[in-house]
$ cat coords-v3.csv   # CSV, C-alpha atoms
chain,number,residue,atom,x,y,z
A,1,MET,CA,125.9,-19.3,82.6
A,2,ASP,CA,123.7,-20.0,79.7
A,3,TRP,CA,122.0,-17.4,77.6
A,4,VAL,CA,118.6,-17.9,79.2
A,5,ALA,CA,119.9,-17.3,82.7
A,6,PHE,CA,121.9,-14.3,81.6
A,7,SER,CA,118.8,-12.9,79.9
A,8,ALA,CA,116.8,-13.4,83.0
A,9,ILE,CA,119.2,-11.3,84.9
A,10,ALA,CA,120.1,-8.7,82.3
A,11,VAL,CA,116.7,-7.9,80.9
A,12,PRO,CA,115.3,-6.5,84.2
A,13,VAL,CA,118.5,-4.6,84.8
A,14,VAL,CA,118.4,-3.0,81.3
A,15,ALA,CA,114.7,-2.4,81.6
A,16,THR,CA,115.3,-0.6,84.9
A,17,ALA,CA,118.1,1.4,83.5
A,18,VAL,CA,116.2,2.4,80.4
A,19,SER,CA,113.2,3.3,82.5
A,20,GLY,CA,115.3,5.3,84.9
A,21,PHE,CA,117.0,7.1,81.9
A,22,PHE,CA,113.7,8.0,80.4
A,23,ALA,CA,112.4,9.1,83.8
A,24,PHE,CA,115.5,11.3,84.1
A,25,LEU,CA,115.0,12.7,80.7
A,26,SER,CA,111.3,13.3,81.5
A,27,LYS,CA,112.2,15.0,84.8
A,28,GLN,CA,114.9,17.1,83.2
A,29,SER,CA,112.4,18.1,80.4
A,30,ALA,CA,109.8,18.9,83.0
A,31,GLY,CA,112.4,21.0,84.9
A,32,LYS,CA,113.2,22.9,81.8
A,33,ARG,CA,109.6,23.5,81.1
A,34,ASP,CA,109.0,24.7,84.7
A,35,ALA,CA,112.1,27.0,84.4
A,36,ALA,CA,110.8,28.3,81.1
A,37,LYS,CA,107.4,28.9,82.6
A,38,GLU,CA,108.9,30.7,85.5
A,39,SER,CA,111.1,32.7,83.2
A,40,GLU,CA,108.1,33.6,81.0
A,41,SER,CA,106.0,34.4,84.1
A,42,ALA,CA,108.8,36.7,85.4
A,43,LYS,CA,109.0,38.4,82.0
A,44,ILE,CA,105.2,38.9,82.0
A,45,GLU,CA,105.4,40.3,85.6
A,46,GLN,CA,108.1,42.7,84.6
A,47,GLN,CA,106.1,43.8,81.6
A,48,VAL,CA,103.0,44.3,83.8
A,49,GLN,CA,105.1,46.4,86.2
A,50,PHE,CA,106.6,48.3,83.3
A,51,TYR,CA,103.2,49.1,81.8
A,52,ALA,CA,101.8,50.0,85.2
A,53,GLN,CA,104.7,52.4,85.7
A,54,VAL,CA,104.2,53.9,82.2
A,55,ILE,CA,100.4,54.3,82.9
A,56,SER,CA,101.1,55.9,86.2
A,57,GLU,CA,103.7,58.3,84.7
A,58,CYS,CA,101.3,59.1,81.9
A,59,SER,CA,98.6,59.9,84.4
A,60,GLU,CA,101.0,62.2,86.3
A,61,LEU,CA,102.0,63.9,83.1
A,62,ARG,CA,98.4,64.4,82.1
A,63,LYS,CA,97.6,65.8,85.6
A,64,SER,CA,100.7,68.1,85.3
A,65,ASN,CA,99.6,69.1,81.8
A,66,LEU,CA,96.1,70.1,83.1
A,67,GLU,CA,97.6,72.1,85.9
A,68,LEU,CA,100.0,73.8,83.5
A,69,GLN,CA,97.1,74.6,81.1
A,70,HIS,CA,95.2,76.1,84.0
A,71,GLN,CA,98.2,78.2,85.0
A,72,ILE,CA,98.7,79.3,81.4
A,73,SER,CA,95.0,80.2,81.2
A,74,SER,CA,95.3,82.2,84.5
A,75,LEU,CA,98.4,84.0,83.3
A,76,GLN,CA,96.7,84.8,80.0
A,77,SER,CA,93.8,86.3,81.9
A,78,GLU,CA,96.1,88.4,84.0
A,79,VAL,CA,98.0,89.5,80.9
A,80,HIS,CA,94.7,90.6,79.3
A,81,LYS,CA,93.7,92.5,82.5
A,82,LEU,CA,97.1,94.2,82.7
A,83,ARG,CA,96.9,95.1,79.0
A,84,ASP,CA,93.4,96.6,79.6
A,85,GLN,CA,94.7,98.5,82.6
A,86,LEU,CA,97.7,99.8,80.7
A,87,GLU,CA,95.5,100.9,77.8
A,88,TYR,CA,93.2,102.7,80.3
A,89,TYR,CA,96.0,104.4,82.0
A,90,GLU,CA,97.6,105.4,78.7
A,91,GLN,CA,94.2,106.9,77.6
A,92,ASN,CA,93.4,108.4,81.0
A,93,HIS,CA,96.8,109.2,82.5
A,94,LEU,CA,95.3,112.1,84.4
A,95,ALA,CA,93.1,109.7,86.3
A,96,SER,CA,96.1,107.6,87.3
A,97,GLU,CA,97.8,110.7,88.6
A,98,ALA,CA,94.8,112.2,90.3
A,99,ARG,CA,96.0,111.6,93.9
A,100,GLU,CA,99.3,113.4,93.2
A,101,LEU,CA,97.4,116.1,91.4
A,102,VAL,CA,95.0,116.8,94.3
A,103,SER,CA,97.7,116.8,96.9
A,104,GLY,CA,99.9,119.0,94.8
A,105,LEU,CA,97.2,121.5,94.2
A,106,LEU,CA,96.2,121.7,97.9
A,107,ASN,CA,99.8,121.8,99.1
A,108,ARG,CA,101.3,124.2,96.5
A,109,ALA,CA,98.5,126.2,95.0
A,110,CYS,CA,96.8,126.9,98.3
A,111,ASN,CA,98.8,129.3,100.5
A,112,ARG,CA,96.2,129.0,103.3
A,113,PRO,CA,94.7,126.1,105.2
A,114,ALA,CA,92.7,123.8,103.1
A,115,TRP,CA,91.3,120.3,103.5
A,116,ILE,CA,89.0,117.5,102.3
A,117,HIS,CA,86.6,116.1,104.9
A,118,ASP,CA,85.4,112.6,104.4
A,119,VAL,CA,82.1,113.1,106.2
A,120,ALA,CA,81.1,109.4,106.3
A,121,SER,CA,84.2,108.3,108.2
A,122,ASN,CA,84.9,111.7,109.9
A,123,LYS,CA,88.5,111.8,108.5
A,124,TRP,CA,90.3,114.9,107.2
A,125,TYR,CA,93.0,115.1,104.5
A,126,LEU,CA,94.9,118.3,105.4
A,127,ASN,CA,97.3,120.4,103.3
A,128,ASP,CA,100.7,121.5,104.7
A,129,GLU,CA,99.5,125.0,105.5
A,130,TYR,CA,96.6,123.6,107.6
A,131,CYS,CA,99.0,121.4,109.5
A,132,ARG,CA,101.4,124.3,110.1
A,133,GLU,CA,98.6,126.7,111.3
A,134,PHE,CA,96.9,124.2,113.6
A,135,SER,CA,99.9,122.3,114.9
A,136,ILE,CA,99.2,118.9,113.3
A,137,THR,CA,101.7,116.4,112.0
A,138,ARG,CA,101.0,113.6,109.5
A,139,PRO,CA,103.3,111.7,107.0
A,140,THR,CA,101.6,112.7,103.8
A,141,PHE,CA,98.5,114.6,102.5
A,142,TRP,CA,96.7,111.2,102.0
A,143,THR,CA,97.2,110.1,105.6
A,144,PRO,CA,93.7,110.6,107.1
A,145,VAL,CA,93.5,112.5,110.3
A,146,ASN,CA,90.5,112.5,112.7
A,147,ILE,CA,91.1,116.0,114.1
A,148,PHE,CA,88.3,115.7,116.6
A,149,GLY,CA,89.0,112.2,117.7
A,150,ARG,CA,89.6,113.3,121.3
A,151,TYR,CA,86.5,115.4,121.6
A,152,ASP,CA,83.1,114.5,123.1
A,153,ALA,CA,80.4,113.6,120.6
A,154,ASP,CA,78.4,116.8,121.3
A,155,ASP,CA,81.4,118.9,120.7
A,156,VAL,CA,82.3,117.1,117.5
A,157,LEU,CA,78.8,117.6,116.2
A,158,GLU,CA,79.1,121.3,117.0
A,159,TYR,CA,82.3,121.6,115.0
A,160,ILE,CA,81.1,119.6,111.9
A,161,SER,CA,77.5,120.9,111.9
A,162,ASN,CA,78.3,123.4,109.1
A,163,ASP,CA,79.8,120.6,107.0
A,164,LEU,CA,76.6,118.6,107.4
A,165,LYS,CA,74.6,121.7,106.3
A,166,VAL,CA,76.8,122.1,103.2
A,167,VAL,CA,76.2,118.5,102.2
A,168,GLU,CA,72.4,118.9,102.8
A,169,ALA,CA,72.3,122.1,100.8
A,170,ASN,CA,74.6,120.7,98.0
A,171,ALA,CA,76.0,124.2,97.5
A,172,THR,CA,79.2,126.1,98.4
A,173,VAL,CA,78.7,128.1,101.6
A,174,GLU,CA,80.9,130.5,103.6
A,175,PHE,CA,80.9,130.3,107.4
A,176,VAL,CA,82.6,132.2,110.2
A,177,GLU,CA,84.0,129.6,112.7
A,178,SER,CA,86.2,129.6,115.7
A,179,MET,CA,88.8,126.8,115.9
A,180,PRO,CA,91.2,125.7,118.7
A,181,ARG,CA,94.7,126.9,117.9
A,182,ARG,CA,95.9,123.4,118.5
A,183,VAL,CA,92.9,121.8,116.8
A,184,MET,CA,93.5,118.2,118.0
A,185,ASP,CA,93.8,119.3,121.6
A,186,PRO,CA,90.3,119.6,123.2
A,187,LYS,CA,91.8,121.3,126.2
A,188,CYS,CA,93.5,124.0,124.2
A,189,ASP,CA,92.7,127.4,125.7
A,190,GLU,CA,93.3,129.5,122.5
A,191,LEU,CA,90.9,130.1,119.7
A,192,VAL,CA,91.3,131.6,116.2
A,193,ARG,CA,88.4,133.0,114.3
A,194,ALA,CA,88.2,133.0,110.5
A,195,LYS,CA,85.9,132.8,107.5
A,196,PHE,CA,85.9,129.4,105.8
A,197,GLN,CA,84.4,128.4,102.4
A,198,LYS,CA,83.1,124.8,102.2
A,199,THR,CA,82.0,123.0,99.0
A,200,PRO,CA,80.2,119.6,98.9
A,201,ILE,CA,81.5,116.8,96.7
A,202,VAL,CA,79.7,113.5,96.3
A,203,ILE,CA,81.6,110.5,94.8
A,204,ASN,CA,79.8,107.2,94.5
A,205,GLU,CA,77.2,108.5,96.9
A,206,ARG,CA,79.9,109.2,99.5
A,207,PRO,CA,79.8,112.8,100.7
A,208,TYR,CA,83.0,114.9,101.0
A,209,VAL,CA,83.5,118.6,101.9
A,210,PHE,CA,86.3,120.6,100.4
A,211,GLY,CA,87.1,123.5,102.7
A,212,ARG,CA,89.6,126.4,102.7
A,213,LEU,CA,90.3,129.3,104.9
A,214,VAL,CA,89.2,132.5,103.2
A,215,GLU,CA,90.1,135.2,105.7
A,216,TRP,CA,91.5,135.5,109.2
A,217,LEU,CA,89.1,137.6,111.3
A,218,ASP,CA,90.6,137.8,114.8
A,219,GLU,CA,94.0,137.4,116.4
A,220,ILE,CA,94.6,134.4,118.7
A,221,LYS,CA,92.6,134.9,121.8
A,222,VAL,CA,92.1,133.1,125.1
A,223,CYS,CA,88.9,131.1,125.3
A,224,ASP,CA,87.0,131.8,128.6
A,225,LYS,CA,85.4,128.4,128.7
A,226,GLY,CA,88.2,126.4,127.0
A,227,CYS,CA,88.0,125.4,123.4
A,228,VAL,CA,85.2,122.9,123.7

$ encode --input "coords-v3.csv" --output "structure tokens"
Amino acid sequence: MDWVAFSAIAVPVVATAVSGFFAFLSKQSAGKRDAAKESESAKIEQQVQFYAQVISECSELRKSNLELQHQISSLQSEVHKLRDQLEYYEQNHLASEARELVSGLLNRACNRPAWIHDVASNKWYLNDEYCREFSITRPTFWTPVNIFGRYDADDVLEYISNDLKVVEANATVEFVESMPRRVMDPKCDELVRAKFQKTPIVINERPYVFGRLVEWLDEIKVCDKGCV
């Protein structure tokens, strides 16, 4: 085979091989570029997700911080209130012990029936001697008792009319009154008669009557018409 014929055969083959080689290199290079782009894109996506997570966590922390600041502010306000109350009680310890003082005076210093009548709500606060004399039970002095709760309205008005007169007169007045021996029982057939002293007390425009038994006048007697 002469050189011309060989060249005619070899040149196209070599050209094809060279072209294929460069095509392979180009494809390989393109693949690497695509892989690099995908890798870079993945990195960017990871960074975006990371920053988004950081921003979300910062937002949650900011929200938690605001809530914490609000709680701290509320606690500080409560502390100030408690401090003011403590200072008030330290300066006015008698006021903080007033309930115990009143119940102690009426239960221990009064050896006869005594009471405080809340006229507006028609409730009585009774000392121990009153409960003993008129057959009443209650847990403590400050447990209110409606001693005429079972009575008819007209009968209740009759029994508390003197209290209303005292409030209207705004002065201490003594009355002679008859009371059922078992005061909370409207069907009680026994009466006791005694002299009572009543004093009006107004607190924040709310009327009260402080009453006490001054003197027993009659022994227990049977009521002809019942106690009502």

$ atom_distance --input "coords-v3.csv" --atom1 "CA of Trp216 in chain A" --atom2 "CA of Ser135 in chain A"
16.7 Å

$ closest_residue --input "coords-v3.csv" --among "A:Val214, A:Val54, A:Val202, A:Val192" --to "Val119 in chain A" --atoms "all atoms listed in the file"
A:Val202

$ closest_atom_pairs --input "coords-v3.csv" --of "range 119-172 of chain A" --to "range 204-209 of chain A" --cutoff "9 Å" --atoms "all atoms listed in the file" --output "CSV"
residue,atom,partner,partner_atom,distance
A:Val119,CA,A:Tyr208,CA,5.6
A:Ala120,CA,A:Pro207,CA,6.7
A:Asp163,CA,A:Val209,CA,6.6
A:Leu164,CA,A:Val209,CA,8.8
A:Val166,CA,A:Val209,CA,7.7
A:Val167,CA,A:Pro207,CA,6.9

$ closest_residue --input "coords-v3.csv" --among "A:Asn162, A:Gln53, A:Ser59, A:Asn107" --to "Phe175 in chain A" --atoms "only C-alpha atoms"
A:Asn162

$ atom_distance --input "coords-v3.csv" --atom1 "CA of Lys195 in chain A" --atom2 "CA of Glu174 in chain A"
6.7 Å

$ residues_around --input "coords-v3.csv" --residues "Ala171 in chain A" --least-positions-apart "5" --cutoff "10 Å" --atoms "all atoms listed in the file" --output "list of chain:residue names"
A:Lys165, A:Val166, A:Lys198, A:Thr199, A:Pro200, A:Ile201

$ residues_around --input "coords-v3.csv" --residues "Pro113 in chain A" --least-positions-apart "4" --cutoff "10 Å" --atoms "only C-alpha atoms" --output "PyMOL selection string"
chain A and resi 106-107+126-134+196+211-214

$ closest_residue --input "coords-v3.csv" --among "A:Ile72, A:Ile203, A:Ile136, A:Ala109" --to "Val183 in chain A" --atoms "all atoms listed in the file"
A:Ile136

$ residues_around --input "coords-v3.csv" --residues "Pro180 in chain A" --least-positions-apart "6" --cutoff "7 Å" --atoms "all atoms listed in the file" --output "number ranges by chain"
A: 188, 190-192, 227

$ atom_distance --input "coords-v3.csv" --atom1 "CA of Ile147 in chain A" --atom2 "CA of Asp185 in chain A"
8.6 Å

$ closest_residue --input "coords-v3.csv" --among "A:Phe148, A:Phe210, A:Trp124, A:Tyr159" --to "Arg182 in chain A" --atoms "all atoms listed in the file"
A:Phe148

$ build_atoms --input "coords-v3.csv" --residues "range 170-181 of chain A" --atoms "all heavy atoms" --output "tab-separated table (two decimals), keeping the file's coordinate frame"
chain	number	residue	atom	x	y	z
A	170	ASN	N	73.91	121.03	99.32
A	170	ASN	CA	74.60	120.70	98.00
A	170	ASN	C	74.99	121.99	97.31
A	170	ASN	O	74.78	122.16	96.11
A	170	ASN	CB	73.64	119.88	97.15
A	170	ASN	CG	74.39	119.26	95.98
A	170	ASN	OD1	75.58	118.98	96.08
A	170	ASN	ND2	73.71	119.05	94.86
A	171	ALA	N	75.60	122.89	98.07
A	171	ALA	CA	76.00	124.20	97.50
A	171	ALA	C	77.21	124.70	98.33
A	171	ALA	O	77.36	124.37	99.51
A	171	ALA	CB	74.90	125.18	97.51
A	172	THR	N	78.04	125.52	97.69
A	172	THR	CA	79.20	126.10	98.40
A	172	THR	C	78.66	127.23	99.32
A	172	THR	O	77.86	128.08	98.93
A	172	THR	CB	80.16	126.74	97.39
A	172	THR	OG1	80.67	125.70	96.56
A	172	THR	CG2	81.31	127.43	98.10
A	173	VAL	N	79.12	127.19	100.57
A	173	VAL	CA	78.70	128.10	101.60
A	173	VAL	C	79.88	128.62	102.37
A	173	VAL	O	80.83	127.87	102.60
A	173	VAL	CB	77.63	127.50	102.55
A	173	VAL	CG1	77.12	128.53	103.54
A	173	VAL	CG2	76.48	126.88	101.77
A	174	GLU	N	79.84	129.91	102.79
A	174	GLU	CA	80.90	130.50	103.60
A	174	GLU	C	80.37	130.57	105.07
A	174	GLU	O	79.22	130.94	105.31
A	174	GLU	CB	81.35	131.82	103.13
A	174	GLU	CG	82.14	131.75	101.84
A	174	GLU	CD	82.74	133.09	101.45
A	174	GLU	OE1	82.43	134.09	102.13
A	174	GLU	OE2	83.51	133.13	100.47
A	175	PHE	N	81.25	130.23	106.02
A	175	PHE	CA	80.90	130.30	107.40
A	175	PHE	C	82.01	131.00	108.19
A	175	PHE	O	83.18	130.96	107.81
A	175	PHE	CB	80.77	128.86	108.02
A	175	PHE	CG	79.71	128.02	107.38
A	175	PHE	CD1	80.02	127.16	106.34
A	175	PHE	CD2	78.40	128.07	107.83
A	175	PHE	CE1	79.05	126.37	105.75
A	175	PHE	CE2	77.42	127.27	107.25
A	175	PHE	CZ	77.74	126.43	106.20
A	176	VAL	N	81.62	131.64	109.28
A	176	VAL	CA	82.60	132.20	110.20
A	176	VAL	C	82.64	131.19	111.40
A	176	VAL	O	81.62	130.91	112.04
A	176	VAL	CB	82.17	133.58	110.73
A	176	VAL	CG1	83.13	134.04	111.84
A	176	VAL	CG2	82.18	134.57	109.58
A	177	GLU	N	83.82	130.66	111.65
A	177	GLU	CA	84.00	129.60	112.70
A	177	GLU	C	85.17	129.95	113.56
A	177	GLU	O	86.14	130.58	113.12
A	177	GLU	CB	84.17	128.25	112.04
A	177	GLU	CG	82.99	127.77	111.22
A	177	GLU	CD	83.25	126.43	110.55
A	177	GLU	OE1	84.43	126.04	110.41
A	177	GLU	OE2	82.27	125.77	110.16
A	178	SER	N	85.09	129.48	114.80
A	178	SER	CA	86.20	129.60	115.70
A	178	SER	C	86.80	128.19	115.91
A	178	SER	O	86.07	127.21	116.11
A	178	SER	CB	85.75	130.13	117.08
A	178	SER	OG	85.28	131.45	116.93
A	179	MET	N	88.12	128.11	115.84
A	179	MET	CA	88.80	126.80	115.90
A	179	MET	C	89.86	126.87	117.03
A	179	MET	O	90.48	127.92	117.26
A	179	MET	CB	89.50	126.50	114.61
A	179	MET	CG	88.56	126.38	113.42
A	179	MET	SD	87.57	124.89	113.50
A	179	MET	CE	88.83	123.65	113.26
A	180	PRO	N	90.07	125.77	117.73
A	180	PRO	CA	91.20	125.70	118.70
A	180	PRO	C	92.52	125.92	117.94
A	180	PRO	O	92.70	125.43	116.83
A	180	PRO	CB	91.10	124.31	119.26
A	180	PRO	CG	89.70	123.88	119.02
A	180	PRO	CD	89.30	124.52	117.73
A	181	ARG	N	93.40	126.67	118.55
A	181	ARG	CA	94.70	126.90	117.90
A	181	ARG	C	95.46	125.62	117.70
A	181	ARG	O	96.13	125.44	116.69
A	181	ARG	CB	95.53	127.87	118.80
A	181	ARG	CG	96.84	128.29	118.16
A	181	ARG	CD	96.57	129.14	116.93
A	181	ARG	NE	97.79	129.58	116.29
A	181	ARG	CZ	98.46	128.86	115.40
A	181	ARG	NH1	98.06	127.65	115.08
A	181	ARG	NH2	99.54	129.34	114.83
